[in-house]
Amino acid sequence: MASSASPALALSLNPEAASPGIEKVNTFHWIIFVVIVIAIVAVNVAIFRAARPRHRHIDADGTAGGRQMRVGIGLGAVALALFVTATVFSSQAREVPVGDSGVVGLNADDQLEITVTGQQWLWRYEYPNGAFTYHRLVVPAGTTVALDLVSADVVHGWNVPSLTGKAQAVPGKTNRIYFRADEQGVFSGRASVLSGQGYDSMEAEVEVVPAAEYEQFIRQVRIDTQAAQDAVVRTQERELEAAAAETPQGEVEPQP
Amino acid sequence: MSSYPKTMPPTRPEVATGDGRERPGWAQLATSPDHKVIARILISAAFGSAFLAAVTLVLVRLQLAVPENTFLSAVQFDRLLSVYGATAIFLFALPLCIGLLYYVTPLQIGSRGTALPRLGQTGMWLFILGGFLLYSTFLFTPPEAGINPLPPLSQHAFTPNNGVDAWIASTGLVTLGLLLLAIDLLVTVRNLRAPGMAWRRAPIFVWTAAIVTWLMVIIAPIFLAAITMLMIDRQLDGGFFTGGVGGSPLLWQHLSYIFFTGAYMTVAVTMLGGISEIVQTFTRRELPGRRAVIGSLVAIAVIGTLAWTQNMITAPIPSGWKYYAMLMSISLIVPFGLIFYNLISTVSNSDFHMRAPLRFAMGALSLASIGLAVEVSQSTIALGSQLQQTYDAWAATHFTLVGFGLFGGFAAISYWYPKVTGRMLDEDRARISFWIMFAGSLIAFVPLFGAGVEGQVTDSYRFFADENVGGFNLVATIGTLVLFVGIILALGNLIKSRTGGDVATPDPWRGQSLEWLALSPPEPHNFDVLPDVRSTQPMRDIRESLLRREAGQETPAGDTQPVA
């Protein structure tokens, strides 16, 4: 996990927000944080003032129906305002910005589609050109990335807080999330849904690099993968040949 | 039966059973259909489970005291966590709520018992059986798939041992038992109210009983269906929760979260109802917004349970569900706010003696206000997708459930303690244990908000030094130990005051509802004479009537009749 500000000052969610969506979430968190602190302090001050042992002037008229109504309307207005604010920020945090980095392999909507497969206890990434990596995802900066989260076994929780919100990878379902990383660097996060005994070691890393570097990387991965696969195939063929060369002798000898 | 002694006929043939011989005490306790006996066993078991939940929570927190701790292994941690969750919800919070309602509301409605006592008795024993089953798994394999065992992890392919089966059987027995108790109570409060006690005159706690039992009747079968499907998946190769063969793992999330959200609301509604009774008694006045409070309790139960998808903000469900849950959760501000406003303004507007019930009630409101505020913020999609499944969410849930369940539970039990035991709770010990528990709760859970904002995920058996959450976790562990000490002291006070407390009169607090008419502890048949209820405060009417009679005035016709 990337280092962050001192824990005592960790009021801002994700100090190193690296995507526009998460910056919106940070702003919203500040608003909500202030609202919540005011609400909690107000309620608790009222509770402690009420519970303080003292003789007090008792209001003769305790049945204030009009006050009930006013409080209810006030709370309703607060709830409505909160809901509207939350809706605006939630839809902004989930917006699908379109990139213009000219990366090869984008779909019609100019989104880079990467399939992320959760498995016990690793993340596997498949790039548009057929290359795949484990553990570390490399994406180009300034490009909208669409992650299709799927799972090979149990439910896993995708969690890279500096770039995206959490999202579950559920077997049999595709969970699509978007993000656009504007800053380069390595961002990581631990899986967030209990997935068995190796859950604590399941981590996702996202490396944001310039577009050209990304192109170079997936091409190289594809070449390396192809070479490794070819090597495996060649080894298997050699073993088969060797076995074929040995087998007739082995089989022939016992025969009379 | 053949040797029925003719010389000793039972004085009340309609209630006598057996051959008239005294059976041993434990047999009477185990077979009594008396709602008070059943509820005492339920409440005692629930507070025993509070101790067990505290022990498992302390073990979980000790493992998380320092980074990369090796106190527990991953499997041990998962097992303790799963047992902790099941204990806190199924063995502590829910049975405590149902037990309190089951003891108090038949007395409050002036009934001689419950409508279907054998059903309630069966339910209580199913609950006890389920609790023993859960803890007997420590002899072989405890469940290890988490507090909410999500399939496919809880399916046979990934947890082939019998721990999850034991979890299913245990929670199933408990839920079935609580459902039977809820049905009994629902029939009772609907049919056995004293003459004159229309719903508009029923105490708030009786309304609470009606709301909570309806809620249980709706959510408990959903959960029973879900665990039956999971059992079929595990043992009979079913595919209810398997993707790709017609089932879906998301089905479990929907069904289980309907139940868990409903259970959360059950605890909140029950304890808010109990706190309302306490506030009314200690401030000597009726809540000014009685109807608003009752309506708010209904709204919390309905709207809160309908917001179950707020737990699934990160799941692959259509975003319409998430906006719907966000709307439902945020609108809960209104009913919760109205109740809090009513309770706080009533207390601040009156003169009262601060005693243990009111102290715990105020503590419950204080802690729950923190939890509820943060829960609302996490129901928004933008923040929920960041903060859910972190210790921020864990802390919020704990503030609400420790506030309502533990503090509300101690408020209610110390309020009705004289009625249940015939003794007064020791006031000094109650005050000391309250402040230790209150401080412990704050120290244990406030730092976890910081850890959650830093991104520490829940359910993991360890965290790493570079996550920058070591300080938060260490303080939280210390706070949990303080909370544990407070719980031990409070439980010890409950046990010790049963024999050492001052003898209680039938009506030590000058309450306004009918349970204070019965003796302390009440006779098995509760009341010798059934009162005639004319207002929301029948005890006030009875006292005034007695005063008038002493003053030599004639009792007006139709007034509530005093009991000699």
# chains A, B, ... in the order shown; residues from 1 in each chain; ligands from 1
call {"tool": "residues_around", "arguments": {"residues": "region 342-349 of chain B", "least_positions_apart": "6", "cutoff": "9 Å", "atoms": "only C-alpha atoms", "output": "tab-separated table (two decimals) with C-alpha atoms, in the first residue's frame"}}
result
chain	number	residue	atom	x	y	z
A	43	VAL	CA	-27.08	15.39	19.32
A	46	ALA	CA	-28.21	17.81	23.68
A	47	ILE	CA	-28.07	14.39	25.35
A	49	ARG	CA	-27.24	18.72	28.66
A	50	ALA	CA	-30.49	16.83	29.09
A	51	ALA	CA	-28.94	14.18	31.34
A	52	ARG	CA	-26.99	16.64	33.51
A	56	ARG	CA	-34.55	22.85	35.94
A	57	HIS	CA	-37.37	25.09	35.02
A	58	ILE	CA	-40.02	22.73	33.80
A	59	ASP	CA	-41.94	23.72	30.74
A	62	GLY	CA	-44.91	19.58	27.03
A	68	GLN	CA	-42.97	17.89	16.23
B	275	ILE	CA	-35.87	3.64	26.08
B	276	SER	CA	-39.15	5.48	25.44
B	279	VAL	CA	-37.82	8.11	29.66
B	280	GLN	CA	-41.57	8.35	30.25
B	282	PHE	CA	-38.30	8.69	34.93
B	283	THR	CA	-39.44	12.07	33.67
B	285	ARG	CA	-44.49	12.57	31.66
B	286	GLU	CA	-45.81	11.06	28.54
B	287	LEU	CA	-43.72	11.61	25.41
B	288	PRO	CA	-45.21	14.73	23.80
B	289	GLY	CA	-45.08	13.09	20.40
B	290	ARG	CA	-46.30	9.63	21.33
B	292	ALA	CA	-45.00	10.49	16.09
B	293	VAL	CA	-42.71	8.11	17.99
B	362	MET	CA	-28.91	8.10	27.46
B	365	LEU	CA	-28.76	7.21	22.41
call {"tool": "select_by_dssp", "arguments": {"residues": "region 161-246 of chain A", "states": "strand (DSSP E or B)", "output": "PyMOL selection string"}}
result
chain A and resi 167-169+175-180+185-190+203-209
call {"tool": "write_last_selection", "arguments": {"atoms": "N, CA and C atoms", "output": "PDB file, in the first residue's frame"}}
result
ATOM      1  N   ALA A 167     -15.444  -2.957  -5.741  1.00  0.00           N
ATOM      2  CA  ALA A 167     -16.418  -3.649  -6.587  1.00  0.00           C
ATOM      3  C   ALA A 167     -16.201  -5.138  -6.427  1.00  0.00           C
ATOM      4  N   GLN A 168     -17.293  -5.868  -6.381  1.00  0.00           N
ATOM      5  CA  GLN A 168     -17.192  -7.311  -6.181  1.00  0.00           C
ATOM      6  C   GLN A 168     -17.014  -8.020  -7.514  1.00  0.00           C
ATOM      7  N   ALA A 169     -16.136  -9.017  -7.522  1.00  0.00           N
ATOM      8  CA  ALA A 169     -16.038  -9.948  -8.645  1.00  0.00           C
ATOM      9  C   ALA A 169     -16.820 -11.190  -8.239  1.00  0.00           C
ATOM     10  N   ASN A 175     -18.986  -7.445 -13.501  1.00  0.00           N
ATOM     11  CA  ASN A 175     -19.159  -6.172 -12.813  1.00  0.00           C
ATOM     12  C   ASN A 175     -18.247  -5.170 -13.491  1.00  0.00           C
ATOM     13  N   ARG A 176     -18.832  -4.213 -14.225  1.00  0.00           N
ATOM     14  CA  ARG A 176     -17.993  -3.283 -14.984  1.00  0.00           C
ATOM     15  C   ARG A 176     -17.828  -1.979 -14.215  1.00  0.00           C
ATOM     16  N   ILE A 177     -16.584  -1.577 -14.024  1.00  0.00           N
ATOM     17  CA  ILE A 177     -16.307  -0.274 -13.409  1.00  0.00           C
ATOM     18  C   ILE A 177     -15.344   0.494 -14.309  1.00  0.00           C
ATOM     19  N   TYR A 178     -15.358   1.803 -14.170  1.00  0.00           N
ATOM     20  CA  TYR A 178     -14.529   2.663 -15.007  1.00  0.00           C
ATOM     21  C   TYR A 178     -13.615   3.502 -14.127  1.00  0.00           C
ATOM     22  N   PHE A 179     -12.464   3.806 -14.662  1.00  0.00           N
ATOM     23  CA  PHE A 179     -11.657   4.843 -14.013  1.00  0.00           C
ATOM     24  C   PHE A 179     -10.724   5.440 -15.044  1.00  0.00           C
ATOM     25  N   ARG A 180     -10.231   6.611 -14.752  1.00  0.00           N
ATOM     26  CA  ARG A 180      -9.214   7.230 -15.590  1.00  0.00           C
ATOM     27  C   ARG A 180      -8.134   7.766 -14.671  1.00  0.00           C
ATOM     28  N   GLY A 185       2.159   6.361 -11.520  1.00  0.00           N
ATOM     29  CA  GLY A 185       2.594   5.810 -10.239  1.00  0.00           C
ATOM     30  C   GLY A 185       2.013   4.429 -10.046  1.00  0.00           C
ATOM     31  N   VAL A 186       2.291   3.861  -8.877  1.00  0.00           N
ATOM     32  CA  VAL A 186       1.787   2.535  -8.545  1.00  0.00           C
ATOM     33  C   VAL A 186       0.777   2.694  -7.416  1.00  0.00           C
ATOM     34  N   PHE A 187      -0.414   2.170  -7.631  1.00  0.00           N
ATOM     35  CA  PHE A 187      -1.486   2.268  -6.630  1.00  0.00           C
ATOM     36  C   PHE A 187      -1.930   0.863  -6.280  1.00  0.00           C
ATOM     37  N   SER A 188      -2.145   0.636  -5.002  1.00  0.00           N
ATOM     38  CA  SER A 188      -2.459  -0.739  -4.602  1.00  0.00           C
ATOM     39  C   SER A 188      -3.568  -0.751  -3.569  1.00  0.00           C
ATOM     40  N   GLY A 189      -4.074  -1.918  -3.301  1.00  0.00           N
ATOM     41  CA  GLY A 189      -5.109  -2.079  -2.288  1.00  0.00           C
ATOM     42  C   GLY A 189      -5.341  -3.557  -2.051  1.00  0.00           C
ATOM     43  N   ARG A 190      -5.763  -3.860  -0.830  1.00  0.00           N
ATOM     44  CA  ARG A 190      -6.011  -5.260  -0.488  1.00  0.00           C
ATOM     45  C   ARG A 190      -7.434  -5.637  -0.833  1.00  0.00           C
ATOM     46  N   GLU A 203      -3.674  -8.980  -3.071  1.00  0.00           N
ATOM     47  CA  GLU A 203      -3.491  -7.554  -3.259  1.00  0.00           C
ATOM     48  C   GLU A 203      -3.524  -7.238  -4.744  1.00  0.00           C
ATOM     49  N   ALA A 204      -4.065  -6.081  -5.069  1.00  0.00           N
ATOM     50  CA  ALA A 204      -4.061  -5.619  -6.457  1.00  0.00           C
ATOM     51  C   ALA A 204      -3.133  -4.418  -6.557  1.00  0.00           C
ATOM     52  N   GLU A 205      -2.357  -4.384  -7.625  1.00  0.00           N
ATOM     53  CA  GLU A 205      -1.486  -3.236  -7.878  1.00  0.00           C
ATOM     54  C   GLU A 205      -1.784  -2.708  -9.260  1.00  0.00           C
ATOM     55  N   VAL A 206      -1.939  -1.426  -9.362  1.00  0.00           N
ATOM     56  CA  VAL A 206      -2.160  -0.818 -10.665  1.00  0.00           C
ATOM     57  C   VAL A 206      -1.017   0.158 -10.917  1.00  0.00           C
ATOM     58  N   GLU A 207      -0.309  -0.050 -12.044  1.00  0.00           N
ATOM     59  CA  GLU A 207       0.780   0.850 -12.402  1.00  0.00           C
ATOM     60  C   GLU A 207       0.312   1.713 -13.559  1.00  0.00           C
ATOM     61  N   VAL A 208       0.354   3.011 -13.338  1.00  0.00           N
ATOM     62  CA  VAL A 208      -0.073   3.940 -14.383  1.00  0.00           C
ATOM     63  C   VAL A 208       1.179   4.457 -15.086  1.00  0.00           C
ATOM     64  N   VAL A 209       1.259   4.261 -16.407  1.00  0.00           N
ATOM     65  CA  VAL A 209       2.445   4.632 -17.183  1.00  0.00           C
ATOM     66  C   VAL A 209       1.997   5.448 -18.384  1.00  0.00           C
TER      67      VAL A 209
END
call {"tool": "select_by_dssp", "arguments": {"residues": "region 109-152 of chain B", "states": "helix (DSSP H, G or I)", "output": "PDB file with N, CA and C atoms, in the first residue's frame"}}
result
ATOM      1  N   PRO B 117     -48.604 -20.544  24.603  1.00  0.00           N
ATOM      2  CA  PRO B 117     -47.395 -20.682  25.432  1.00  0.00           C
ATOM      3  C   PRO B 117     -46.501 -21.836  25.012  1.00  0.00           C
ATOM      4  N   ARG B 118     -47.096 -22.950  24.558  1.00  0.00           N
ATOM      5  CA  ARG B 118     -46.224 -24.069  24.183  1.00  0.00           C
ATOM      6  C   ARG B 118     -45.398 -23.751  22.944  1.00  0.00           C
ATOM      7  N   LEU B 119     -45.962 -22.918  22.065  1.00  0.00           N
ATOM      8  CA  LEU B 119     -45.200 -22.494  20.889  1.00  0.00           C
ATOM      9  C   LEU B 119     -43.988 -21.680  21.338  1.00  0.00           C
ATOM     10  N   GLY B 120     -44.234 -20.755  22.270  1.00  0.00           N
ATOM     11  CA  GLY B 120     -43.135 -19.949  22.767  1.00  0.00           C
ATOM     12  C   GLY B 120     -42.087 -20.784  23.481  1.00  0.00           C
ATOM     13  N   GLN B 121     -42.570 -21.772  24.254  1.00  0.00           N
ATOM     14  CA  GLN B 121     -41.630 -22.641  24.963  1.00  0.00           C
ATOM     15  C   GLN B 121     -40.767 -23.431  23.982  1.00  0.00           C
ATOM     16  N   THR B 122     -41.416 -23.972  22.931  1.00  0.00           N
ATOM     17  CA  THR B 122     -40.655 -24.681  21.902  1.00  0.00           C
ATOM     18  C   THR B 122     -39.617 -23.760  21.283  1.00  0.00           C
ATOM     19  N   GLY B 123     -40.042 -22.530  20.992  1.00  0.00           N
ATOM     20  CA  GLY B 123     -39.117 -21.584  20.393  1.00  0.00           C
ATOM     21  C   GLY B 123     -37.916 -21.323  21.275  1.00  0.00           C
ATOM     22  N   MET B 124     -38.172 -21.157  22.582  1.00  0.00           N
ATOM     23  CA  MET B 124     -37.058 -20.892  23.498  1.00  0.00           C
ATOM     24  C   MET B 124     -36.077 -22.043  23.494  1.00  0.00           C
ATOM     25  N   TRP B 125     -36.581 -23.279  23.515  1.00  0.00           N
ATOM     26  CA  TRP B 125     -35.663 -24.416  23.556  1.00  0.00           C
ATOM     27  C   TRP B 125     -34.944 -24.613  22.236  1.00  0.00           C
ATOM     28  N   LEU B 126     -35.605 -24.292  21.110  1.00  0.00           N
ATOM     29  CA  LEU B 126     -34.896 -24.352  19.826  1.00  0.00           C
ATOM     30  C   LEU B 126     -33.739 -23.359  19.835  1.00  0.00           C
ATOM     31  N   PHE B 127     -33.987 -22.165  20.411  1.00  0.00           N
ATOM     32  CA  PHE B 127     -32.926 -21.162  20.498  1.00  0.00           C
ATOM     33  C   PHE B 127     -31.754 -21.685  21.345  1.00  0.00           C
ATOM     34  N   ILE B 128     -32.082 -22.275  22.514  1.00  0.00           N
ATOM     35  CA  ILE B 128     -31.015 -22.786  23.379  1.00  0.00           C
ATOM     36  C   ILE B 128     -30.216 -23.862  22.639  1.00  0.00           C
ATOM     37  N   LEU B 129     -30.943 -24.737  21.934  1.00  0.00           N
ATOM     38  CA  LEU B 129     -30.285 -25.808  21.189  1.00  0.00           C
ATOM     39  C   LEU B 129     -29.347 -25.224  20.136  1.00  0.00           C
ATOM     40  N   GLY B 130     -29.834 -24.213  19.414  1.00  0.00           N
ATOM     41  CA  GLY B 130     -29.002 -23.586  18.395  1.00  0.00           C
ATOM     42  C   GLY B 130     -27.747 -22.978  18.984  1.00  0.00           C
ATOM     43  N   GLY B 131     -27.874 -22.340  20.144  1.00  0.00           N
ATOM     44  CA  GLY B 131     -26.710 -21.749  20.788  1.00  0.00           C
ATOM     45  C   GLY B 131     -25.686 -22.800  21.187  1.00  0.00           C
ATOM     46  N   PHE B 132     -26.171 -23.900  21.784  1.00  0.00           N
ATOM     47  CA  PHE B 132     -25.241 -24.975  22.164  1.00  0.00           C
ATOM     48  C   PHE B 132     -24.584 -25.573  20.929  1.00  0.00           C
ATOM     49  N   LEU B 133     -25.373 -25.705  19.857  1.00  0.00           N
ATOM     50  CA  LEU B 133     -24.811 -26.286  18.633  1.00  0.00           C
ATOM     51  C   LEU B 133     -23.662 -25.430  18.116  1.00  0.00           C
ATOM     52  N   LEU B 134     -23.861 -24.082  18.131  1.00  0.00           N
ATOM     53  CA  LEU B 134     -22.807 -23.214  17.607  1.00  0.00           C
ATOM     54  C   LEU B 134     -21.528 -23.395  18.415  1.00  0.00           C
ATOM     55  N   TYR B 135     -21.646 -23.438  19.751  1.00  0.00           N
ATOM     56  CA  TYR B 135     -20.423 -23.518  20.558  1.00  0.00           C
ATOM     57  C   TYR B 135     -19.869 -24.928  20.634  1.00  0.00           C
ATOM     58  N   SER B 136     -20.723 -25.938  20.380  1.00  0.00           N
ATOM     59  CA  SER B 136     -20.178 -27.292  20.347  1.00  0.00           C
ATOM     60  C   SER B 136     -19.256 -27.485  19.150  1.00  0.00           C
ATOM     61  N   THR B 137     -19.344 -26.583  18.144  1.00  0.00           N
ATOM     62  CA  THR B 137     -18.447 -26.743  16.992  1.00  0.00           C
ATOM     63  C   THR B 137     -16.988 -26.530  17.389  1.00  0.00           C
ATOM     64  N   PHE B 138     -16.736 -25.909  18.544  1.00  0.00           N
ATOM     65  CA  PHE B 138     -15.338 -25.769  18.958  1.00  0.00           C
ATOM     66  C   PHE B 138     -14.726 -27.121  19.269  1.00  0.00           C
ATOM     67  N   LEU B 139     -15.579 -28.145  19.448  1.00  0.00           N
ATOM     68  CA  LEU B 139     -15.055 -29.490  19.669  1.00  0.00           C
ATOM     69  C   LEU B 139     -14.624 -30.136  18.359  1.00  0.00           C
TER      70      LEU B 139
END
call {"tool": "residues_around", "arguments": {"residues": "Ile31 (chain A)", "least_positions_apart": "4", "cutoff": "12 Å", "atoms": "only C-alpha atoms", "output": "mmCIF file with N, CA and C atoms, in the first residue's frame"}}
result
data_model
loop_
_atom_site.group_PDB
_atom_site.id
_atom_site.type_symbol
_atom_site.label_atom_id
_atom_site.label_comp_id
_atom_site.auth_asym_id
_atom_site.auth_seq_id
_atom_site.Cartn_x
_atom_site.Cartn_y
_atom_site.Cartn_z
ATOM 1 N N LEU A 11 -8.155 12.697 7.666
ATOM 2 C CA LEU A 11 -9.564 13.026 7.503
ATOM 3 C C LEU A 11 -9.968 12.929 6.042
ATOM 4 N N SER A 12 -9.044 13.226 5.162
ATOM 5 C CA SER A 12 -9.374 13.169 3.741
ATOM 6 C C SER A 12 -9.207 11.738 3.274
ATOM 7 N N LEU A 13 -10.264 11.256 2.641
ATOM 8 C CA LEU A 13 -10.192 9.927 2.064
ATOM 9 C C LEU A 13 -9.174 9.979 0.934
ATOM 10 N N LYS A 24 -13.669 13.567 -6.769
ATOM 11 C CA LYS A 24 -15.061 13.940 -6.434
ATOM 12 C C LYS A 24 -15.479 13.280 -5.120
ATOM 13 N N VAL A 25 -15.101 12.009 -4.954
ATOM 14 C CA VAL A 25 -15.449 11.297 -3.717
ATOM 15 C C VAL A 25 -14.807 11.984 -2.525
ATOM 16 N N ASN A 26 -13.566 12.446 -2.712
ATOM 17 C CA ASN A 26 -12.879 13.149 -1.626
ATOM 18 C C ASN A 26 -13.639 14.405 -1.224
ATOM 19 N N THR A 27 -14.047 15.185 -2.232
ATOM 20 C CA THR A 27 -14.811 16.401 -1.941
ATOM 21 C C THR A 27 -16.078 16.058 -1.176
ATOM 22 N N VAL A 35 -20.804 17.546 7.909
ATOM 23 C CA VAL A 35 -22.216 17.402 8.281
ATOM 24 C C VAL A 35 -22.358 16.419 9.435
ATOM 25 N N ILE A 36 -21.660 15.285 9.328
ATOM 26 C CA ILE A 36 -21.790 14.242 10.348
ATOM 27 C C ILE A 36 -21.257 14.722 11.686
ATOM 28 N N VAL A 37 -20.078 15.376 11.646
ATOM 29 C CA VAL A 37 -19.501 15.829 12.915
ATOM 30 C C VAL A 37 -20.434 16.821 13.588
ATOM 31 N N ILE A 38 -20.995 17.741 12.795
ATOM 32 C CA ILE A 38 -21.930 18.713 13.380
ATOM 33 C C ILE A 38 -23.130 17.971 13.972
ATOM 34 N N LEU A 82 -29.457 16.048 1.465
ATOM 35 C CA LEU A 82 -28.379 15.065 1.509
ATOM 36 C C LEU A 82 -28.499 14.098 0.341
ATOM 37 N N THR A 85 -27.475 15.856 -2.928
ATOM 38 C CA THR A 85 -26.019 16.000 -2.978
ATOM 39 C C THR A 85 -25.358 14.656 -3.248
ATOM 40 N N ALA A 86 -25.827 13.644 -2.518
ATOM 41 C CA ALA A 86 -25.218 12.316 -2.666
ATOM 42 C C ALA A 86 -25.420 11.788 -4.076
ATOM 43 N N PHE A 89 -22.991 13.660 -6.464
ATOM 44 C CA PHE A 89 -21.599 13.235 -6.330
ATOM 45 C C PHE A 89 -21.421 11.778 -6.734
ATOM 46 N N SER B 377 -24.109 7.961 6.000
ATOM 47 C CA SER B 377 -23.131 8.438 5.021
ATOM 48 C C SER B 377 -22.656 7.291 4.140
ATOM 49 N N LEU B 383 -19.555 7.312 -1.212
ATOM 50 C CA LEU B 383 -18.765 6.979 -0.025
ATOM 51 C C LEU B 383 -18.841 5.502 0.301
#
call {"tool": "atom_distance", "arguments": {"atom1": "CA of Met216 (chain B)", "atom2": "CA of Ala395 (chain B)"}}
result
25.6 Å
call {"tool": "closest_residue", "arguments": {"among": "B:Arg284, B:Arg112, B:Arg61, B:Arg462", "to": "His35 (chain B)", "atoms": "only C-alpha atoms"}}
result
B:Arg112
call {"tool": "closest_residue", "arguments": {"among": "A:Leu240, A:Ala245, A:Met202, A:Val71", "to": "chain B", "atoms": "only C-alpha atoms"}}
result
A:Val71
call {"tool": "residues_around", "arguments": {"residues": "Ala393 (chain B)", "least_positions_apart": "4", "cutoff": "12 Å", "atoms": "only C-alpha atoms", "output": "compact mmCIF listing (two decimals) with N, CA and C atoms, in the first residue's frame"}}
result
# COMPACT_ATOMS: atom_id res chain seq x y z
N GLN B 310 -28.35 -1.46 0.52
CA GLN B 310 -27.25 -0.56 0.90
C GLN B 310 -26.01 -1.36 1.28
N ASN B 311 -26.19 -2.65 1.61
CA ASN B 311 -25.03 -3.50 1.89
C ASN B 311 -24.39 -4.03 0.61
N ILE B 370 -23.86 8.21 16.94
CA ILE B 370 -22.62 8.18 16.15
C ILE B 370 -22.75 7.13 15.04
N GLY B 371 -23.18 5.92 15.43
CA GLY B 371 -23.25 4.85 14.45
C GLY B 371 -24.24 5.16 13.34
N LEU B 372 -25.40 5.68 13.70
CA LEU B 372 -26.43 5.92 12.69
C LEU B 372 -25.98 6.99 11.70
N ALA B 373 -25.33 8.04 12.21
CA ALA B 373 -24.89 9.11 11.30
C ALA B 373 -23.90 8.56 10.28
N VAL B 374 -22.97 7.73 10.74
CA VAL B 374 -21.97 7.22 9.80
C VAL B 374 -22.60 6.19 8.85
N GLU B 375 -23.55 5.40 9.37
CA GLU B 375 -24.22 4.43 8.50
C GLU B 375 -24.93 5.14 7.34
N VAL B 376 -25.57 6.27 7.67
CA VAL B 376 -26.27 7.00 6.61
C VAL B 376 -25.27 7.46 5.55
N SER B 377 -24.11 7.96 6.00
CA SER B 377 -23.13 8.44 5.02
C SER B 377 -22.66 7.29 4.14
N GLN B 378 -22.57 6.08 4.71
CA GLN B 378 -22.05 4.96 3.91
C GLN B 378 -23.10 4.36 3.01
N SER B 379 -24.37 4.75 3.18
CA SER B 379 -25.37 4.25 2.26
C SER B 379 -25.33 5.02 0.94
N LEU B 383 -19.56 7.31 -1.21
CA LEU B 383 -18.76 6.98 -0.03
C LEU B 383 -18.84 5.50 0.30
N GLY B 384 -20.01 4.89 0.06
CA GLY B 384 -20.15 3.48 0.39
C GLY B 384 -19.18 2.62 -0.38
N SER B 385 -18.95 2.97 -1.66
CA SER B 385 -18.04 2.13 -2.44
C SER B 385 -16.60 2.31 -1.98
N GLN B 386 -16.32 3.39 -1.23
CA GLN B 386 -14.98 3.55 -0.67
C GLN B 386 -14.89 2.95 0.73
N LEU B 387 -15.92 3.17 1.55
CA LEU B 387 -15.78 2.88 2.98
C LEU B 387 -16.39 1.55 3.40
N GLN B 388 -17.29 1.00 2.60
CA GLN B 388 -17.83 -0.30 3.00
C GLN B 388 -16.72 -1.34 2.93
N GLN B 389 -16.90 -2.38 3.75
CA GLN B 389 -15.91 -3.45 3.86
C GLN B 389 -14.58 -2.94 4.44
N THR B 397 -21.32 0.02 12.43
CA THR B 397 -22.25 -1.03 12.82
C THR B 397 -22.13 -1.31 14.31
N HIS B 398 -20.89 -1.31 14.82
CA HIS B 398 -20.71 -1.61 16.23
C HIS B 398 -21.25 -0.49 17.11
N PHE B 399 -21.07 0.76 16.68
CA PHE B 399 -21.64 1.84 17.48
C PHE B 399 -23.14 1.69 17.60
N THR B 400 -23.80 1.35 16.48
CA THR B 400 -25.25 1.24 16.53
C THR B 400 -25.66 0.04 17.36
N PHE B 445 -14.00 1.90 19.39
CA PHE B 445 -14.56 2.00 18.04
C PHE B 445 -14.25 3.32 17.34
N VAL B 446 -14.00 4.42 18.08
CA VAL B 446 -13.69 5.66 17.38
C VAL B 446 -12.39 5.54 16.56
N LEU B 448 -11.26 3.10 15.03
CA LEU B 448 -11.46 2.29 13.83
C LEU B 448 -12.04 3.11 12.68
N PHE B 449 -12.68 4.25 12.98
CA PHE B 449 -13.09 5.14 11.89
C PHE B 449 -11.84 5.61 11.14
N GLY B 450 -10.80 5.96 11.90
CA GLY B 450 -9.56 6.37 11.26
C GLY B 450 -8.95 5.26 10.43
N ALA B 451 -8.92 4.05 11.00
CA ALA B 451 -8.36 2.91 10.27
C ALA B 451 -9.14 2.66 9.00
N GLY B 452 -10.47 2.80 9.07
CA GLY B 452 -11.30 2.56 7.89
C GLY B 452 -11.06 3.61 6.81
N VAL B 453 -10.92 4.87 7.23
CA VAL B 453 -10.66 5.92 6.25
C VAL B 453 -9.29 5.71 5.61
N GLY B 455 -8.25 2.91 4.92
CA GLY B 455 -8.46 1.83 3.95
C GLY B 455 -8.29 0.43 4.49
N GLN B 456 -8.19 0.24 5.82
CA GLN B 456 -8.00 -1.11 6.33
C GLN B 456 -9.26 -1.94 6.12
N VAL B 457 -9.12 -3.08 5.44
CA VAL B 457 -10.29 -3.90 5.13
C VAL B 457 -10.60 -4.82 6.31
N THR B 458 -11.88 -5.16 6.45
CA THR B 458 -12.29 -6.04 7.55
C THR B 458 -12.04 -7.50 7.19
N ASP B 459 -12.25 -8.36 8.15
CA ASP B 459 -12.24 -9.81 8.00
C ASP B 459 -10.87 -10.39 7.70
call {"tool": "residues_around", "arguments": {"residues": "Ser460 (chain B)", "least_positions_apart": "6", "cutoff": "9 Å", "atoms": "only C-alpha atoms", "output": "MDAnalysis selection string"}}
result
(chainID A and resid 192:194 199:200) or (chainID B and resid 74 77:78)
call {"tool": "residues_around", "arguments": {"residues": "Ala93 (chain A)", "least_positions_apart": "4", "cutoff": "9 Å", "atoms": "only C-alpha atoms", "output": "PyMOL selection string"}}
result
(chain A and resi 20-25+88-89+164-165) or (chain B and resi 381-382)
call {"tool": "residues_around", "arguments": {"residues": "Asn162 (chain B)", "least_positions_apart": "3", "cutoff": "12 Å", "atoms": "only C-alpha atoms", "output": "PyMOL selection string"}}
result
chain B and resi 134+137-145+154-159+165-169+231+234-235
